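Source file: start_32.csv (CSV, C-alpha atoms)
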chain,number,residue,atom,x,y,z
Q,29,MET,CA,7.7,-27.1,-7.9
Q,30,ASN,CA,7.8,-30.2,-10.2
Q,31,GLU,CA,5.2,-31.9,-8.1
Q,32,VAL,CA,2.7,-29.1,-8.9
Q,33,PRO,CA,2.9,-28.9,-12.7
Q,34,SER,CA,-0.3,-26.9,-13.2
Q,35,LEU,CA,1.0,-24.2,-10.9
Q,36,GLN,CA,4.4,-24.3,-12.6
Q,37,GLN,CA,2.7,-23.9,-15.9
Q,38,LEU,CA,0.7,-20.9,-14.6
Q,39,LEU,CA,3.9,-19.3,-13.2
Q,40,LYS,CA,5.6,-19.7,-16.6
Q,41,GLN,CA,2.7,-18.0,-18.3
Q,42,LEU,CA,2.6,-15.1,-15.8
Q,43,GLN,CA,6.4,-14.6,-16.4
Q,44,GLN,CA,5.6,-13.5,-19.9
Q,45,VAL,CA,3.2,-10.8,-18.9
Q,46,PRO,CA,5.0,-7.4,-19.1
Q,47,TYR,CA,5.2,-5.3,-15.9
Q,48,LEU,CA,4.9,-8.3,-13.6
Q,49,ALA,CA,8.2,-8.6,-11.8
Q,50,SER,CA,9.2,-12.3,-11.4
Q,51,LYS,CA,9.3,-11.9,-7.6
Q,52,ASN,CA,5.6,-10.9,-7.7
Q,53,ILE,CA,4.2,-13.7,-9.8
Q,54,TYR,CA,3.8,-16.0,-6.8
Q,55,ARG,CA,1.4,-13.5,-5.3
Q,56,VAL,CA,-0.4,-13.0,-8.6
Q,57,ALA,CA,-0.7,-16.8,-9.0
Q,58,ALA,CA,-2.1,-17.0,-5.5
Q,59,HIS,CA,-4.6,-14.2,-6.4
Q,60,PHE,CA,-5.9,-16.3,-9.3
Q,61,LEU,CA,-6.0,-19.6,-7.3
Q,62,THR,CA,-8.0,-18.0,-4.5
Q,63,MET,CA,-10.4,-16.2,-6.8
Q,64,ASP,CA,-14.0,-17.4,-7.2
Q,65,GLN,CA,-14.3,-19.8,-10.2
Q,66,ALA,CA,-16.9,-17.4,-11.6
Q,67,LYS,CA,-14.5,-14.5,-11.5
Q,68,LEU,CA,-11.8,-16.5,-13.1
Q,69,ASN,CA,-14.1,-17.4,-15.9
Q,70,GLN,CA,-15.0,-13.7,-16.3
Q,71,PHE,CA,-11.3,-12.9,-16.5
Q,72,CYS,CA,-10.7,-15.5,-19.2
Q,73,ALA,CA,-13.9,-14.5,-21.1
Q,74,ALA,CA,-12.8,-10.9,-21.1
Q,75,LEU,CA,-9.4,-11.8,-22.4
Q,76,ARG,CA,-10.8,-14.0,-25.2
Q,77,GLU,CA,-13.5,-11.6,-26.1
Q,78,ALA,CA,-11.1,-8.7,-26.3
Q,79,LYS,CA,-8.8,-10.8,-28.4
Q,80,GLU,CA,-11.7,-11.7,-30.7
Q,81,ARG,CA,-13.5,-8.4,-31.0
Q,82,VAL,CA,-10.8,-5.8,-30.7
Q,83,ILE,CA,-9.0,-5.3,-34.0
Q,84,PRO,CA,-6.8,-2.6,-35.5
Q,85,CYS,CA,-8.7,0.1,-37.4
Q,86,ALA,CA,-8.3,-0.4,-41.2
Q,87,THR,CA,-7.4,3.3,-41.5
Q,88,CYS,CA,-5.4,4.4,-38.5
Q,89,ALA,CA,-4.5,1.0,-36.8
Q,90,ALA,CA,-5.8,2.1,-33.4
Q,91,TRP,CA,-7.8,-0.5,-31.5
Q,92,VAL,CA,-11.4,-0.6,-32.5
Q,93,GLU,CA,-14.3,-2.9,-31.7
Q,94,LYS,CA,-15.4,-5.1,-34.6
Q,95,GLY,CA,-18.4,-3.6,-36.3
Q,96,ARG,CA,-18.1,-0.3,-34.6
Q,97,PRO,CA,-16.8,3.0,-36.1
Q,98,CYS,CA,-13.3,4.1,-35.1
Q,99,LEU,CA,-13.3,6.6,-32.3
Q,100,TYR,CA,-10.6,8.7,-34.0
Q,101,CYS,CA,-10.8,8.5,-37.8
Q,102,GLU,CA,-14.5,8.1,-38.2
Q,103,SER,CA,-15.5,10.9,-35.9
Q,104,THR,CA,-16.9,14.0,-37.5
Q,105,ARG,CA,-16.0,16.1,-34.4
Q,106,ARG,CA,-12.3,15.5,-35.1
Q,107,ASN,CA,-10.2,17.4,-37.6
Q,108,GLN,CA,-9.4,14.6,-40.1
Q,109,SER,CA,-6.9,16.8,-42.0
Q,110,VAL,CA,-4.3,16.6,-39.1
Q,111,VAL,CA,-2.8,13.1,-38.3
Q,112,CYS,CA,-0.7,12.5,-35.3
Q,113,VAL,CA,1.7,9.5,-35.8
Q,114,VAL,CA,2.4,7.6,-32.6
Q,115,GLU,CA,4.4,4.4,-32.0
Q,116,THR,CA,1.7,2.5,-30.0
Q,117,TRP,CA,-1.8,2.7,-28.8
Q,118,GLN,CA,-0.6,3.4,-25.3
Q,119,GLU,CA,1.0,6.7,-26.5
Q,120,LEU,CA,-2.3,7.6,-28.3
Q,121,ILE,CA,-4.0,7.3,-24.9
Q,122,VAL,CA,-1.5,9.7,-23.4
Q,123,ILE,CA,-2.0,12.3,-26.1
Q,124,GLU,CA,-5.8,11.9,-25.8
Q,125,ARG,CA,-5.5,12.5,-22.0
Q,126,SER,CA,-3.6,15.7,-22.5
Q,127,GLY,CA,-6.8,17.1,-23.9
Q,128,GLY,CA,-4.8,19.2,-26.4
Q,129,TYR,CA,-5.5,17.4,-29.6
Q,130,GLN,CA,-8.6,17.1,-31.7
Q,131,GLY,CA,-7.2,15.6,-34.9
Q,132,ALA,CA,-6.8,12.0,-36.1
Q,133,TYR,CA,-4.1,9.4,-35.3
Q,134,HIS,CA,-2.0,6.9,-36.9
Q,135,VAL,CA,-0.6,4.0,-34.9
Q,136,LEU,CA,2.7,2.6,-36.3
Q,137,GLY,CA,2.7,-0.5,-34.1
Q,138,GLY,CA,6.3,0.0,-33.0
Q,139,VAL,CA,9.5,1.5,-34.4
Q,140,ILE,CA,12.1,0.5,-37.0
Q,141,SER,CA,14.7,-1.5,-35.1
Q,142,PRO,CA,17.0,-3.6,-37.3
Q,143,LEU,CA,18.6,-5.2,-34.2
Q,144,ASP,CA,15.2,-6.6,-33.2
Q,145,GLY,CA,14.4,-7.5,-36.8
Q,146,ILE,CA,11.7,-4.9,-37.2
Q,147,GLY,CA,11.8,-3.1,-40.5
Q,148,PRO,CA,9.4,-0.6,-42.1
Q,149,GLU,CA,7.4,-3.5,-43.6
Q,150,ASN,CA,6.5,-4.7,-40.1
Q,151,LEU,CA,4.9,-1.4,-39.2
Q,152,THR,CA,1.8,0.3,-40.6
Q,153,ILE,CA,3.8,2.8,-42.7
Q,154,GLN,CA,2.3,1.6,-46.0
Q,155,LEU,CA,-1.1,2.2,-44.5
Q,156,LEU,CA,-0.1,5.8,-43.6
Q,157,LEU,CA,1.3,6.4,-47.2
Q,158,GLU,CA,-2.0,5.2,-48.7
Q,159,ARG,CA,-3.9,7.5,-46.4
Q,160,VAL,CA,-1.8,10.5,-47.3
Q,161,SER,CA,-2.1,9.7,-51.0
Q,162,HIS,CA,-5.9,10.2,-50.8
Q,163,GLY,CA,-5.1,13.9,-50.4
Q,164,THR,CA,-7.3,14.7,-47.3
Q,165,VAL,CA,-4.3,14.9,-44.9
Q,166,GLU,CA,-2.8,18.4,-44.6
Q,167,GLU,CA,-0.5,18.0,-41.6
Q,168,LEU,CA,1.3,15.1,-40.1
Q,169,ILE,CA,2.6,15.4,-36.5
Q,170,LEU,CA,5.4,12.9,-36.0
Q,171,ALA,CA,5.1,12.0,-32.3
Q,172,THR,CA,7.4,9.0,-31.9
Q,173,ASN,CA,9.5,8.8,-28.8
Q,174,GLN,CA,12.9,10.5,-28.6
Q,175,THR,CA,14.8,7.3,-28.7
Q,176,PRO,CA,17.3,6.6,-31.5
Q,177,GLU,CA,14.8,4.2,-33.0
Q,178,GLY,CA,11.8,6.6,-32.6
Q,179,GLU,CA,13.7,9.4,-34.2
Q,180,ALA,CA,15.0,7.2,-37.1
Q,181,THR,CA,11.4,6.0,-37.7
Q,182,SER,CA,10.2,9.7,-37.9
Q,183,ALA,CA,13.1,10.6,-40.2
Q,184,TYR,CA,12.2,7.6,-42.4
Q,185,ILE,CA,8.6,8.6,-42.7
Q,186,ALA,CA,9.5,12.3,-43.3
Q,187,ARG,CA,11.8,11.2,-46.1
Q,188,LEU,CA,9.2,9.1,-47.8
Q,189,LEU,CA,6.8,12.0,-47.8
Q,190,LYS,CA,9.1,14.9,-48.6
Q,191,ASP,CA,7.7,15.4,-52.1
Q,192,LYS,CA,4.0,15.3,-51.0
Q,193,PRO,CA,2.2,18.7,-50.5
Q,194,ILE,CA,1.7,18.2,-46.7
Q,195,LYS,CA,3.1,19.9,-43.7
Q,196,ILE,CA,5.2,17.6,-41.4
Q,197,SER,CA,5.7,18.7,-37.8
Q,198,CYS,CA,6.9,17.1,-34.6
Q,199,LEU,CA,6.3,17.7,-30.9
Q,200,ALA,CA,7.9,20.8,-29.3
Q,201,ARG,CA,11.2,20.1,-27.4
Q,202,GLY,CA,11.9,22.2,-24.3
Q,203,MET,CA,11.5,22.6,-20.6
Q,204,PRO,CA,8.7,20.3,-19.1
Q,205,VAL,CA,6.0,22.3,-17.4
Q,206,GLY,CA,6.9,23.0,-13.7
Q,207,SER,CA,10.6,22.2,-14.2
Q,208,HIS,CA,13.6,23.9,-12.7
Q,209,LEU,CA,16.5,24.9,-14.9
Q,210,GLU,CA,18.9,23.8,-12.3
Q,211,TYR,CA,17.9,20.1,-12.5
Q,212,MET,CA,17.4,19.9,-16.2
Q,213,ASP,CA,19.8,17.9,-18.4
Q,214,ARG,CA,22.1,19.7,-20.8
Q,215,LEU,CA,20.5,18.6,-24.0
Q,216,THR,CA,17.0,19.7,-23.0
Q,217,VAL,CA,18.3,23.1,-22.1
Q,218,TYR,CA,20.2,23.3,-25.4
Q,219,LYS,CA,17.0,22.4,-27.3
Q,220,ALA,CA,14.9,24.8,-25.3
Q,221,LEU,CA,17.3,27.6,-26.1
Q,222,ALA,CA,17.7,26.7,-29.8
Q,223,GLU,CA,13.9,26.4,-30.2
Q,224,ARG,CA,13.0,29.4,-28.1
Q,225,ARG,CA,9.8,31.2,-29.0
Q,226,PRO,CA,8.4,34.7,-28.7
Q,227,PHE,CA,7.1,35.4,-25.3
O,134,MET,CA,-13.2,4.1,-24.5
O,135,ASN,CA,-17.0,3.5,-24.5
O,136,GLU,CA,-16.8,2.7,-28.2
O,137,VAL,CA,-14.5,-0.3,-27.5
O,138,PRO,CA,-16.4,-2.1,-24.8
O,139,SER,CA,-14.5,-5.4,-25.1
O,140,LEU,CA,-11.2,-3.6,-24.5
O,141,GLN,CA,-12.8,-1.6,-21.6
O,142,GLN,CA,-13.9,-4.9,-20.1
O,143,LEU,CA,-10.4,-6.3,-20.4
O,144,LEU,CA,-8.9,-3.2,-18.7
O,145,LYS,CA,-11.4,-3.5,-15.9
O,146,GLN,CA,-10.3,-7.1,-15.3
O,147,LEU,CA,-6.6,-6.3,-15.4
O,148,GLN,CA,-7.1,-3.5,-12.9
O,149,GLN,CA,-8.0,-6.2,-10.3
O,150,VAL,CA,-4.7,-8.1,-10.8
O,151,PRO,CA,-2.3,-7.3,-7.9
O,152,TYR,CA,1.1,-5.8,-8.7
O,153,LEU,CA,-0.2,-4.3,-12.0
O,154,ALA,CA,-0.1,-0.5,-11.6
O,155,SER,CA,-3.1,1.1,-13.4
O,156,LYS,CA,-0.8,3.1,-15.6
O,157,ASN,CA,0.7,-0.1,-16.9
O,158,ILE,CA,-2.5,-2.0,-17.7
O,159,TYR,CA,-2.7,-0.4,-21.2
O,160,ARG,CA,0.6,-1.9,-22.1
O,161,VAL,CA,-0.5,-5.3,-20.7
O,162,ALA,CA,-3.8,-5.1,-22.6
O,163,ALA,CA,-1.8,-4.4,-25.8
O,164,HIS,CA,0.4,-7.4,-25.0
O,165,PHE,CA,-2.6,-9.7,-24.9
O,166,LEU,CA,-4.2,-8.1,-28.0
O,167,THR,CA,-1.1,-8.5,-30.1
O,168,MET,CA,-0.4,-12.1,-28.8
O,169,ASP,CA,-0.9,-15.1,-31.1
O,170,GLN,CA,-4.4,-16.5,-30.6
O,171,ALA,CA,-2.7,-19.9,-29.8
O,172,LYS,CA,-0.6,-18.3,-27.0
O,173,LEU,CA,-3.7,-16.5,-25.6
O,174,ASN,CA,-5.5,-19.8,-25.5
O,175,GLN,CA,-2.5,-21.3,-23.7
O,176,PHE,CA,-2.6,-18.6,-21.2
O,177,CYS,CA,-6.3,-19.1,-20.5
O,178,ALA,CA,-5.9,-22.8,-20.4
O,179,ALA,CA,-3.0,-22.5,-17.9
O,180,LEU,CA,-5.2,-20.3,-15.7
O,181,ARG,CA,-8.2,-22.6,-15.8
O,182,GLU,CA,-6.2,-25.7,-15.3
O,183,ALA,CA,-4.3,-24.3,-12.3
O,184,LYS,CA,-7.6,-23.2,-10.9
O,185,GLU,CA,-9.1,-26.7,-11.4
O,186,ARG,CA,-6.1,-28.9,-10.4
O,187,VAL,CA,-4.2,-26.9,-7.8
O,188,ILE,CA,-5.9,-27.2,-4.4
O,189,PRO,CA,-4.8,-26.6,-0.8
O,190,CYS,CA,-3.3,-29.7,0.9
O,191,ALA,CA,-5.7,-31.3,3.4
O,192,THR,CA,-3.0,-31.4,6.0
O,193,CYS,CA,-0.9,-28.2,5.7
O,194,ALA,CA,-3.0,-26.1,3.3
O,195,ALA,CA,0.0,-25.5,0.9
O,196,TRP,CA,-0.9,-25.7,-2.8
O,197,VAL,CA,-0.8,-29.2,-4.1
O,198,GLU,CA,-1.7,-30.8,-7.5
O,199,LYS,CA,-4.9,-32.8,-7.3
O,200,GLY,CA,-4.1,-36.5,-7.0
O,201,ARG,CA,-0.4,-35.9,-6.2
O,202,PRO,CA,1.3,-36.1,-2.8
O,203,CYS,CA,2.1,-32.9,-1.0
O,204,LEU,CA,5.7,-31.8,-1.5
O,205,TYR,CA,6.0,-30.9,2.2
O,206,CYS,CA,3.9,-33.0,4.4
O,207,GLU,CA,4.0,-36.3,2.5
O,208,SER,CA,7.8,-36.2,2.0
O,209,THR,CA,9.8,-38.8,3.9
O,210,ARG,CA,13.0,-36.7,3.4
O,211,ARG,CA,11.5,-33.9,5.6
O,212,ASN,CA,11.3,-33.8,9.4
O,213,GLN,CA,7.6,-34.1,10.0
O,214,SER,CA,7.9,-33.4,13.7
O,215,VAL,CA,8.8,-29.7,13.1
O,216,VAL,CA,6.1,-27.5,11.6
O,217,CYS,CA,6.7,-24.0,10.3
O,218,VAL,CA,3.6,-21.8,10.4
O,219,VAL,CA,3.5,-19.1,7.7
O,220,GLU,CA,0.8,-16.7,6.6
O,221,THR,CA,0.7,-17.5,2.9
O,222,TRP,CA,2.2,-19.8,0.3
O,223,GLN,CA,4.5,-17.0,-1.0
O,224,GLU,CA,6.2,-16.9,2.4
O,225,LEU,CA,6.6,-20.7,2.3
O,226,ILE,CA,8.5,-20.3,-1.0
O,227,VAL,CA,10.8,-17.7,0.6
O,228,ILE,CA,11.6,-20.0,3.5
O,229,GLU,CA,12.2,-22.9,1.1
O,230,ARG,CA,14.6,-20.8,-1.0
O,231,SER,CA,16.7,-20.0,2.1
O,232,GLY,CA,17.6,-23.6,2.1
O,233,GLY,CA,17.8,-23.7,5.8
O,234,TYR,CA,14.7,-25.6,6.6
O,235,GLN,CA,13.9,-29.3,6.2
O,236,GLY,CA,10.7,-29.6,8.3
O,237,ALA,CA,7.0,-29.4,7.4
O,238,TYR,CA,4.8,-26.3,6.9
O,239,HIS,CA,1.4,-25.0,7.8
O,240,VAL,CA,-0.1,-22.3,5.7
O,241,LEU,CA,-2.6,-20.1,7.6
O,242,GLY,CA,-4.0,-18.4,4.6
O,243,GLY,CA,-3.7,-15.0,6.1
O,244,VAL,CA,-3.7,-13.3,9.5
O,245,ILE,CA,-6.4,-12.4,12.0
O,246,SER,CA,-7.6,-8.9,11.2
O,247,PRO,CA,-10.9,-7.9,12.7
O,248,LEU,CA,-10.9,-4.6,10.7
O,249,ASP,CA,-10.9,-6.7,7.5
O,250,GLY,CA,-13.5,-9.1,8.9
O,251,ILE,CA,-11.0,-11.9,9.1
O,252,GLY,CA,-11.3,-14.0,12.3
O,253,PRO,CA,-9.6,-17.2,13.4
O,254,GLU,CA,-12.4,-19.2,11.7
O,255,ASN,CA,-11.4,-17.8,8.3
O,256,LEU,CA,-7.9,-19.2,8.6
O,257,THR,CA,-6.7,-22.8,8.8
O,258,ILE,CA,-6.0,-22.7,12.5
O,259,GLN,CA,-8.5,-25.5,13.2
O,260,LEU,CA,-6.6,-27.7,10.8
O,261,LEU,CA,-3.4,-26.9,12.6
O,262,LEU,CA,-4.9,-27.8,16.0
O,263,GLU,CA,-6.1,-31.1,14.6
O,264,ARG,CA,-2.6,-31.8,13.3
O,265,VAL,CA,-1.0,-31.0,16.6
O,266,SER,CA,-3.6,-33.2,18.5
O,267,HIS,CA,-2.3,-36.3,16.5
O,268,GLY,CA,0.8,-36.0,18.6
O,269,THR,CA,3.4,-36.3,15.9
O,270,VAL,CA,4.4,-32.6,16.0
O,271,GLU,CA,7.2,-31.8,18.5
O,272,GLU,CA,8.0,-28.2,17.5
O,273,LEU,CA,6.0,-25.3,16.0
O,274,ILE,CA,7.9,-22.4,14.5
O,275,LEU,CA,5.6,-19.4,14.3
O,276,ALA,CA,6.9,-17.5,11.2
O,277,THR,CA,4.2,-14.9,10.7
O,278,ASN,CA,5.2,-11.5,9.6
O,279,GLN,CA,6.2,-8.9,12.2
O,280,THR,CA,3.1,-6.8,11.6
O,281,PRO,CA,0.6,-6.1,14.4
O,282,GLU,CA,-1.8,-8.7,12.8
O,283,GLY,CA,0.9,-11.2,12.2
O,284,GLU,CA,2.1,-11.0,15.8
O,285,ALA,CA,-1.4,-11.2,17.2
O,286,THR,CA,-2.1,-14.3,15.1
O,287,SER,CA,1.1,-16.0,16.4
O,288,ALA,CA,0.1,-15.0,20.0
O,289,TYR,CA,-3.4,-16.4,19.4
O,290,ILE,CA,-2.0,-19.7,18.2
O,291,ALA,CA,0.5,-19.9,21.0
O,292,ARG,CA,-2.2,-19.3,23.6
O,293,LEU,CA,-4.4,-22.1,22.1
O,294,LEU,CA,-1.5,-24.5,22.3
O,295,LYS,CA,0.0,-23.5,25.6
O,296,ASP,CA,-1.1,-26.7,27.4
O,297,LYS,CA,0.1,-29.1,24.7
O,298,PRO,CA,3.4,-30.8,25.2
O,299,ILE,CA,5.1,-29.1,22.2
O,300,LYS,CA,7.8,-26.6,21.8
O,301,ILE,CA,6.8,-23.3,20.3
O,302,SER,CA,9.4,-21.1,18.8
O,303,CYS,CA,9.6,-18.1,16.5
O,304,LEU,CA,12.1,-16.7,14.0
O,305,ALA,CA,15.2,-15.0,15.5
O,306,ARG,CA,15.1,-11.2,15.6
O,307,GLY,CA,18.3,-9.2,15.0
O,308,MET,CA,20.6,-7.7,12.6
O,309,PRO,CA,20.1,-8.7,8.9
O,310,VAL,CA,23.1,-10.3,7.3
O,311,GLY,CA,25.4,-7.7,5.8
O,312,SER,CA,23.8,-4.8,7.6
O,313,HIS,CA,25.5,-1.8,9.2
O,314,LEU,CA,24.6,-0.8,12.8
O,315,GLU,CA,24.6,2.8,11.7
O,316,TYR,CA,21.7,2.5,9.4
O,317,MET,CA,19.6,0.0,11.5
O,318,ASP,CA,16.4,1.1,13.1
O,319,ARG,CA,16.3,1.5,16.9
O,320,LEU,CA,13.9,-1.4,17.6
O,321,THR,CA,16.0,-3.9,15.6
O,322,VAL,CA,19.1,-2.9,17.5
O,323,TYR,CA,17.2,-3.2,20.8
O,324,LYS,CA,16.0,-6.7,19.9
O,325,ALA,CA,19.5,-7.7,18.7
O,326,LEU,CA,20.9,-6.6,22.0
O,327,ALA,CA,18.2,-8.2,24.1
O,328,GLU,CA,18.4,-11.5,22.3
O,329,ARG,CA,22.2,-11.6,21.9
O,330,ARG,CA,23.8,-15.0,21.7
O,331,PRO,CA,27.2,-16.5,22.6
O,332,PHE,CA,29.8,-15.8,20.0
If you convert what's in this file into structure tokens, what do you get?
Amino acid sequence: MNEVPSLQQLLKQLQQVPYLASKNIYRVAAHFLTMDQAKLNQFCAALREAKERVIPCATCAAWVEKGRPCLYCESTRRNQSVVCVVETWQELIVIERSGGYQGAYHVLGGVISPLDGIGPENLTIQLLLERVSHGTVEELILATNQTPEGEATSAYIARLLKDKPIKISCLARGMPVGSHLEYMDRLTVYKALAERRPF
Amino acid sequence: MNEVPSLQQLLKQLQQVPYLASKNIYRVAAHFLTMDQAKLNQFCAALREAKERVIPCATCAAWVEKGRPCLYCESTRRNQSVVCVVETWQELIVIERSGGYQGAYHVLGGVISPLDGIGPENLTIQLLLERVSHGTVEELILATNQTPEGEATSAYIARLLKDKPIKISCLARGMPVGSHLEYMDRLTVYKALAERRPF
């Protein structure tokens, strides 16, 4: 491959793209090499433009187009007194898709993970505290993932806000819709029993 | 998503990349948006440069850097009298990796597939015929995939060359290394029996 340095360089770049298995990058490279020049320019332009024009919202840190209002925290059709705290924008999209939420969001940008060198100061926790201190937020839904890091991050945020007059909740834990008891893991069944609700 | 058109545009572009499942493109988009500007520029530059500088070899149609010799058909350490015909460059890489081949290659650029509108004239078959007509090729290994289209393409090439004084071979069919008879499909066992060899 040393005799084709430009291709080698491209393969190296593609290796860093998440969700591209290294055995597939040859095919992806071939896809770009056989593409029309115009289409390749379009692809690069879309990348650069998104990088330039899409920025985190100054209030909730969700992606927003420069100069346009935030879809979530500047919408009057949304209940701005409820804020759902998620790890990343991808998780925001999933909650939006469920169709069950009409409040605002706050994107942390990750989770506290000392092993990866990510502390609270690397996340948007300060931004969230400022937002809460304005007094318009009544409820905070901590919707981080149920990983050790996600739970620790939620616990950290809950501790910081424990003296504020706001309600702090988290997502319900229990049986997924359509699931069979027989195939469910022990901990989920335990939680579903412990947090059972009136029928 | 209409309020974030640049991001929408990027997602649309990413949807066209092979091997990126549509449920993963959000994460890939976030990867690019959170990347350093310098790294993003590097990525785009690598794409453009590869597109500009990597071209198909005029002899074997494998990718080659503009102005540099072809790794396969201009190498004196390779046996230029044997040519292995593969569908795409990705398959060439796989054969190279096996370490069992020291001859030259010919990349067809696909297979004959009338349903997809791909006829012999869309492949590099003419280039292969010219190469054979020079008289330096002694053996042609037809290594297309064992799909209906791949086998038809091999048959087509073999028919075109049947009057030429060259040997035409194809890859051995039989039991994969490390396989169990018990789990092998009927056709493979049939072929392995029919094409059995002296121990």
Once you count all atoms listed in the file, what closest atom pair and distance in Å to one decimal does each residue of chain Q within 8 Å of chain O have, with rows by chain and rising residue number, as a Markdown table?
| residue | atom | partner | partner_atom | distance |
| --- | --- | --- | --- | --- |
| Q:Glu31 | CA | O:Leu204 | CA | 6.6 |
| Q:Val32 | CA | O:Glu198 | CA | 4.9 |
| Q:Pro33 | CA | O:Glu198 | CA | 7.2 |
| Q:Ser34 | CA | O:Ala183 | CA | 4.9 |
| Q:Leu35 | CA | O:Ala183 | CA | 5.5 |
| Q:Gln37 | CA | O:Ala179 | CA | 6.2 |
| Q:Leu38 | CA | O:Ala179 | CA | 5.2 |
| Q:Gln41 | CA | O:Phe176 | CA | 6.1 |
| Q:Val45 | CA | O:Val161 | CA | 6.9 |
| Q:Pro46 | CA | O:Val161 | CA | 6.1 |
| Q:Tyr47 | CA | O:Leu153 | CA | 6.7 |
| Q:Leu48 | CA | O:Leu153 | CA | 6.7 |
| Q:Asn52 | CA | O:Tyr152 | CA | 6.9 |
| Q:Tyr54 | CA | O:Gln223 | CA | 5.9 |
| Q:Arg55 | CA | O:Gln223 | CA | 6.4 |
| Q:Val56 | CA | O:Pro151 | CA | 6.0 |
| Q:Ala58 | CA | O:Trp222 | CA | 7.7 |
| Q:His59 | CA | O:Pro151 | CA | 7.4 |
| Q:Phe60 | CA | O:Lys184 | CA | 7.3 |
| Q:Leu61 | CA | O:Lys184 | CA | 5.3 |
| Q:Gln65 | CA | O:Lys184 | CA | 7.5 |
| Q:Leu68 | CA | O:Arg181 | CA | 7.6 |
| Q:Asn69 | CA | O:Arg181 | CA | 7.9 |
| Q:Phe71 | CA | O:Gln146 | CA | 6.0 |
| Q:Cys72 | CA | O:Cys177 | CA | 5.8 |
| Q:Ala74 | CA | O:Leu143 | CA | 5.2 |
| Q:Leu75 | CA | O:Leu143 | CA | 5.9 |
| Q:Arg76 | CA | O:Leu173 | CA | 7.5 |
| Q:Glu77 | CA | O:Ser139 | CA | 6.4 |
| Q:Ala78 | CA | O:Ser139 | CA | 4.9 |
| Q:Lys79 | CA | O:Leu166 | CA | 5.3 |
| Q:Arg81 | CA | O:Ser139 | CA | 6.7 |
| Q:Val82 | CA | O:Leu140 | CA | 6.6 |
| Q:Trp91 | CA | O:Val137 | CA | 7.8 |
| Q:Val92 | CA | O:Val137 | CA | 5.9 |
| Q:Glu93 | CA | O:Val137 | CA | 4.9 |
| Q:Arg96 | CA | O:Glu136 | CA | 7.2 |
| Q:Pro97 | CA | O:Glu136 | CA | 7.9 |
| Q:Cys98 | CA | O:Glu136 | CA | 7.9 |
| Q:Leu99 | CA | O:Glu136 | CA | 6.7 |
| Q:Trp117 | CA | O:Ala163 | CA | 7.7 |
| Q:Gln118 | CA | O:Tyr159 | CA | 6.0 |
Nearest to Q:Asp144, restricted to all atoms listed in the file and choosing among Q:Thr104, Q:Glu158, Q:Glu177, Q:Glu210, comes out as Q:Glu177
* Asked: Q:Lys195, Q:Asn150, Q:Pro142, Q:Glu179: which is nearest Q:Ser109, counting only C-alpha atoms?
  ->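 Residue with the minimum atom-to-atom distance to Q:Ser109: Q:Lys195.
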Counting all atoms listed in the file, which residues sit no farther than 12 Å from the position (13.6, -13.5, 23.8) in the file's frame? I'd like them as a VMD selection string. chain O and resid 302 to 307 323 to 330
query: If you measure from atom CA of Q:Cys85 to atom CA of Q:Gly138, what distance in Å do you get, rounded to one decimal?
result: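 About the pair atom CA of Q:Cys85 and atom CA of Q:Gly138: they are 15.6 Å apart.
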Students should find that atom CA of O:Ser246 and atom CA of O:Leu273 are spaced 21.8 Å
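Atom CA of O:Arg319 lies 25.9 Å from atom CA of O:Val219.
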Worksheet item: Looking at only C-alpha atoms, which of O:Thr286, O:Ile228, O:Asn278, O:Ile301 is the one that sits closest to O:Glu254?
Response: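 Closest to O:Glu254 of all the choices is O:Thr286.
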With distances taken over only C-alpha atoms, the candidate from Q:Val111, Q:Leu136, Q:Leu170, Q:Leu189 nearest Q:Leu155 is Q:Leu136
Since the input lacks atoms, please generate N, CA, C and O atoms for stretch 139-144 of chain O and provide them as an mmCIF file, keeping the file's coordinate frame.
data_model
loop_
_atom_site.group_PDB
_atom_site.id
_atom_site.type_symbol
_atom_site.label_atom_id
_atom_site.label_comp_id
_atom_site.auth_asym_id
_atom_site.auth_seq_id
_atom_site.Cartn_x
_atom_site.Cartn_y
_atom_site.Cartn_z
ATOM 1 N N SER O 139 -15.211 -4.198 -25.411
ATOM 2 C CA SER O 139 -14.500 -5.400 -25.100
ATOM 3 C C SER O 139 -13.121 -5.046 -24.442
ATOM 4 O O SER O 139 -12.654 -5.680 -23.499
ATOM 5 N N LEU O 140 -12.523 -4.004 -24.986
ATOM 6 C CA LEU O 140 -11.200 -3.600 -24.500
ATOM 7 C C LEU O 140 -11.410 -2.957 -23.073
ATOM 8 O O LEU O 140 -10.615 -3.213 -22.159
ATOM 9 N N GLN O 141 -12.496 -2.206 -22.908
ATOM 10 C CA GLN O 141 -12.800 -1.600 -21.600
ATOM 11 C C GLN O 141 -12.979 -2.687 -20.548
ATOM 12 O O GLN O 141 -12.494 -2.565 -19.422
ATOM 13 N N GLN O 142 -13.654 -3.750 -20.950
ATOM 14 C CA GLN O 142 -13.900 -4.900 -20.100
ATOM 15 C C GLN O 142 -12.585 -5.521 -19.640
ATOM 16 O O GLN O 142 -12.360 -5.814 -18.463
ATOM 17 N N LEU O 143 -11.702 -5.701 -20.631
ATOM 18 C CA LEU O 143 -10.400 -6.300 -20.400
ATOM 19 C C LEU O 143 -9.599 -5.436 -19.384
ATOM 20 O O LEU O 143 -9.000 -5.934 -18.431
ATOM 21 N N LEU O 144 -9.630 -4.122 -19.607
ATOM 22 C CA LEU O 144 -8.900 -3.200 -18.700
ATOM 23 C C LEU O 144 -9.417 -3.292 -17.305
ATOM 24 O O LEU O 144 -8.664 -3.283 -16.342
#
